[in-house]
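Visitor: Next up is a structure, given as structure tokens.
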Amino acid sequence: MRGWQLRELRDAATGVRRSLGRQPAVLAAQQRRDWRALRRQMRHLEANLPQPCWSPQDEQRWSRYRIQAHYLVHRGFIGPQGLDAAVRAVLTHRIPIDWVHGRLDAICPPANSRRWMAAAHGAPWVRLHQPVAGHLSGERAMQVCLRECVAQDRSISR
């Protein structure tokens, strides 16, 4: 479980590190702080990796990864064409959507989001946002993008 979290943090840190040179100065400074915080978490995990004792943090990790593993084993309870069908339904029913996916995500391939959004053929009620960020919602560029999406009025006349 500690190893799983370490792998996840390493992958997330890769996306954060890749985004450092592509940010405006203010965001880049925050991104460097985020990256350093991830590195501290990784060093802490690496130090505790061989520790045989079960800690309260391990209990929290176990709860989180038990749920995550459940969804991964069942492939998110979505069949092979399930997500494609969901995207088609969004398009058919003209459901306004802001799809946010970090451009430098090292865990979930951004090409999938671009492929699904290409199916929208420029529909105005579907927008793909690709902030210069990795996988984590806590990255500054991702937070800025998410806040902007929430702040915008997405009402569309049907």
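Ordered as shown in the structure tokens, chains take letters A, B, and onward, while each chain numbers its residues from 1 and ligands are numbered from 1 in the order shown.
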If you count only C-alpha atoms, which residues fall within 10 Å of A:Leu136, apart from same-chain ones fewer than 4 positions away, as a PyMOL selection string?

Guide: chain A and resi 9+12-13+15-16+101-102+105+107+140-143

Visitor: Store the residues picked out above in a file with N, CA and C atoms, as a tab-separated table (two decimals), in the first residue's frame.

Guide:
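File written: selection06.tsv
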```tsv
chain	number	residue	atom	x	y	z
A	9	LEU	N	2.45	8.89	-6.46
A	9	LEU	CA	3.08	10.19	-6.26
A	9	LEU	C	4.19	10.43	-7.29
A	12	ALA	N	2.52	11.35	-10.54
A	12	ALA	CA	1.96	12.71	-10.44
A	12	ALA	C	3.08	13.75	-10.45
A	13	ALA	N	4.17	13.48	-9.75
A	13	ALA	CA	5.30	14.42	-9.71
A	13	ALA	C	5.91	14.59	-11.10
A	15	GLY	N	4.28	14.63	-13.95
A	15	GLY	CA	3.45	15.62	-14.65
A	15	GLY	C	3.69	17.02	-14.13
A	16	VAL	N	3.83	17.16	-12.81
A	16	VAL	CA	4.08	18.49	-12.22
A	16	VAL	C	5.42	19.01	-12.71
A	101	HIS	N	-8.79	18.27	-18.23
A	101	HIS	CA	-7.79	17.20	-18.21
A	101	HIS	C	-6.41	17.83	-18.36
A	102	GLY	N	-5.54	17.58	-17.39
A	102	GLY	CA	-4.19	18.14	-17.43
A	102	GLY	C	-3.45	17.73	-18.69
A	105	ASP	N	-0.65	15.14	-17.99
A	105	ASP	CA	-1.03	14.03	-17.12
A	105	ASP	C	-0.22	12.79	-17.47
A	107	ILE	N	-0.57	9.95	-15.80
A	107	ILE	CA	-1.31	8.79	-15.33
A	107	ILE	C	-2.44	8.44	-16.30
A	140	ARG	N	-1.82	23.90	-9.08
A	140	ARG	CA	-2.34	25.27	-9.20
A	140	ARG	C	-3.04	25.52	-10.53
A	141	ALA	N	-2.42	25.14	-11.63
A	141	ALA	CA	-3.04	25.40	-12.94
A	141	ALA	C	-4.38	24.68	-13.05
A	142	MET	N	-4.44	23.47	-12.48
A	142	MET	CA	-5.69	22.70	-12.51
A	142	MET	C	-6.74	23.39	-11.65
A	143	GLN	N	-6.35	23.87	-10.47
A	143	GLN	CA	-7.29	24.56	-9.60
A	143	GLN	C	-7.83	25.83	-10.25
```

Visitor: Point out the residue among A:Asp98, A:Asp34, A:Glu46, A:Glu8 with the least atom-to-atom distance to A:Ala133, counting only C-alpha atoms.

Guide: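 Ranking A:Asp98, A:Asp34, A:Glu46, A:Glu8 by distance to A:Ala133, first place goes to A:Asp34.
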
Visitor: Name the residues in contact with A:Ala85 at a cut-off of 12 Å, using only C-alpha atoms, excluding same-chain residues fewer than 6 positions from it; report them as a PyMOL selection string.

Guide: chain A and resi 78-79+91-92+116+119

Visitor: How about saving the chosen residues, C-alpha atoms kept, as a short mmCIF file (atom, residue, chain, number, x, y, z; two decimals), in the first residue's frame?

Guide:
```
data_model
loop_
_atom_site.label_atom_id
_atom_site.label_comp_id
_atom_site.auth_asym_id
_atom_site.auth_seq_id
_atom_site.Cartn_x
_atom_site.Cartn_y
_atom_site.Cartn_z
CA ILE A 78 -17.96 0.88 -17.53
CA GLY A 79 -18.00 -1.61 -20.37
CA LEU A 91 -23.73 15.23 -27.16
CA THR A 92 -27.17 13.92 -28.12
CA TRP A 116 -13.81 12.20 -27.10
CA ALA A 119 -16.53 13.63 -31.44
#
```

Visitor: Please extract the residues of stretch 21-114 of chain A with a backbone DSSP assignment of alpha helix (DSSP H) and present them as a PyMOL selection string.

Guide: chain A and resi 25-48+56-73+82-92+110-114

Visitor: Go ahead and dump the residues you just picked, C-alpha atoms, as a compact mmCIF listing (two decimals), in the first residue's frame.

Guide:
```
# COMPACT_ATOMS: atom_id res chain seq x y z
CA ALA A 25 5.83 33.05 -13.52
CA VAL A 26 3.21 33.23 -10.75
CA LEU A 27 1.85 29.75 -11.46
CA ALA A 28 5.34 28.34 -11.97
CA ALA A 29 6.39 29.50 -8.50
CA GLN A 30 3.38 27.77 -6.97
CA GLN A 31 3.96 24.72 -9.14
CA ARG A 32 7.53 24.49 -7.81
CA ARG A 33 6.15 24.58 -4.27
CA ASP A 34 3.67 21.84 -5.16
CA TRP A 35 6.44 19.74 -6.72
CA ARG A 36 8.65 20.18 -3.64
CA ALA A 37 5.73 19.15 -1.42
CA LEU A 38 5.23 16.01 -3.54
CA ARG A 39 8.96 15.26 -3.27
CA ARG A 40 8.77 15.61 0.54
CA GLN A 41 5.82 13.21 0.63
CA MET A 42 7.77 10.78 -1.55
CA ARG A 43 10.87 10.95 0.68
CA HIS A 44 8.70 10.37 3.75
CA LEU A 45 7.05 7.37 2.11
CA GLU A 46 10.39 5.98 0.94
CA ALA A 47 11.73 6.24 4.49
CA ASN A 48 8.67 4.44 5.90
CA PRO A 56 -2.83 5.46 11.35
CA GLN A 57 -1.79 6.86 7.94
CA ASP A 58 -1.63 3.30 6.63
CA GLU A 59 -5.22 2.79 7.77
CA GLN A 60 -6.30 5.87 5.79
CA ARG A 61 -4.32 4.73 2.74
CA TRP A 62 -5.84 1.26 2.99
CA SER A 63 -9.36 2.69 2.96
CA ARG A 64 -8.60 4.87 -0.05
CA TYR A 65 -6.81 2.21 -2.08
CA ARG A 66 -9.33 -0.48 -1.25
CA ILE A 67 -12.00 1.66 -2.95
CA GLN A 68 -9.68 2.63 -5.80
CA ALA A 69 -8.67 -1.02 -6.38
CA HIS A 70 -12.35 -2.04 -6.37
CA TYR A 71 -13.07 0.39 -9.20
CA LEU A 72 -9.90 -0.52 -11.10
CA VAL A 73 -10.65 -4.27 -10.91
CA GLY A 82 -19.28 2.63 -22.03
CA LEU A 83 -17.42 5.91 -21.90
CA ASP A 84 -17.82 6.43 -25.63
CA ALA A 85 -21.57 5.83 -25.20
CA ALA A 86 -21.69 8.32 -22.29
CA VAL A 87 -19.95 10.96 -24.41
CA ARG A 88 -22.41 10.34 -27.26
CA ALA A 89 -25.32 10.71 -24.80
CA VAL A 90 -23.93 14.04 -23.57
CA LEU A 91 -23.73 15.23 -27.16
CA THR A 92 -27.17 13.92 -28.12
CA PRO A 110 -4.82 13.26 -22.38
CA ALA A 111 -5.23 11.89 -25.92
CA ASN A 112 -8.38 10.07 -24.77
CA SER A 113 -10.02 13.35 -23.77
CA ARG A 114 -9.02 14.95 -27.05
```

Visitor: Taking the chain letters and numbering used in this document, name the residues of chain A that DSSP puts in strand (DSSP E or B), as a PyMOL selection string.

Guide: chain A and resi 97-100+126-129

Visitor: So, counting only C-alpha atoms, which residue among A:Cys108, A:Leu6, A:Ile95, A:Val100 is closest to A:Arg147?

Guide: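 So, comparing all the options, the nearest one is A:Val100.
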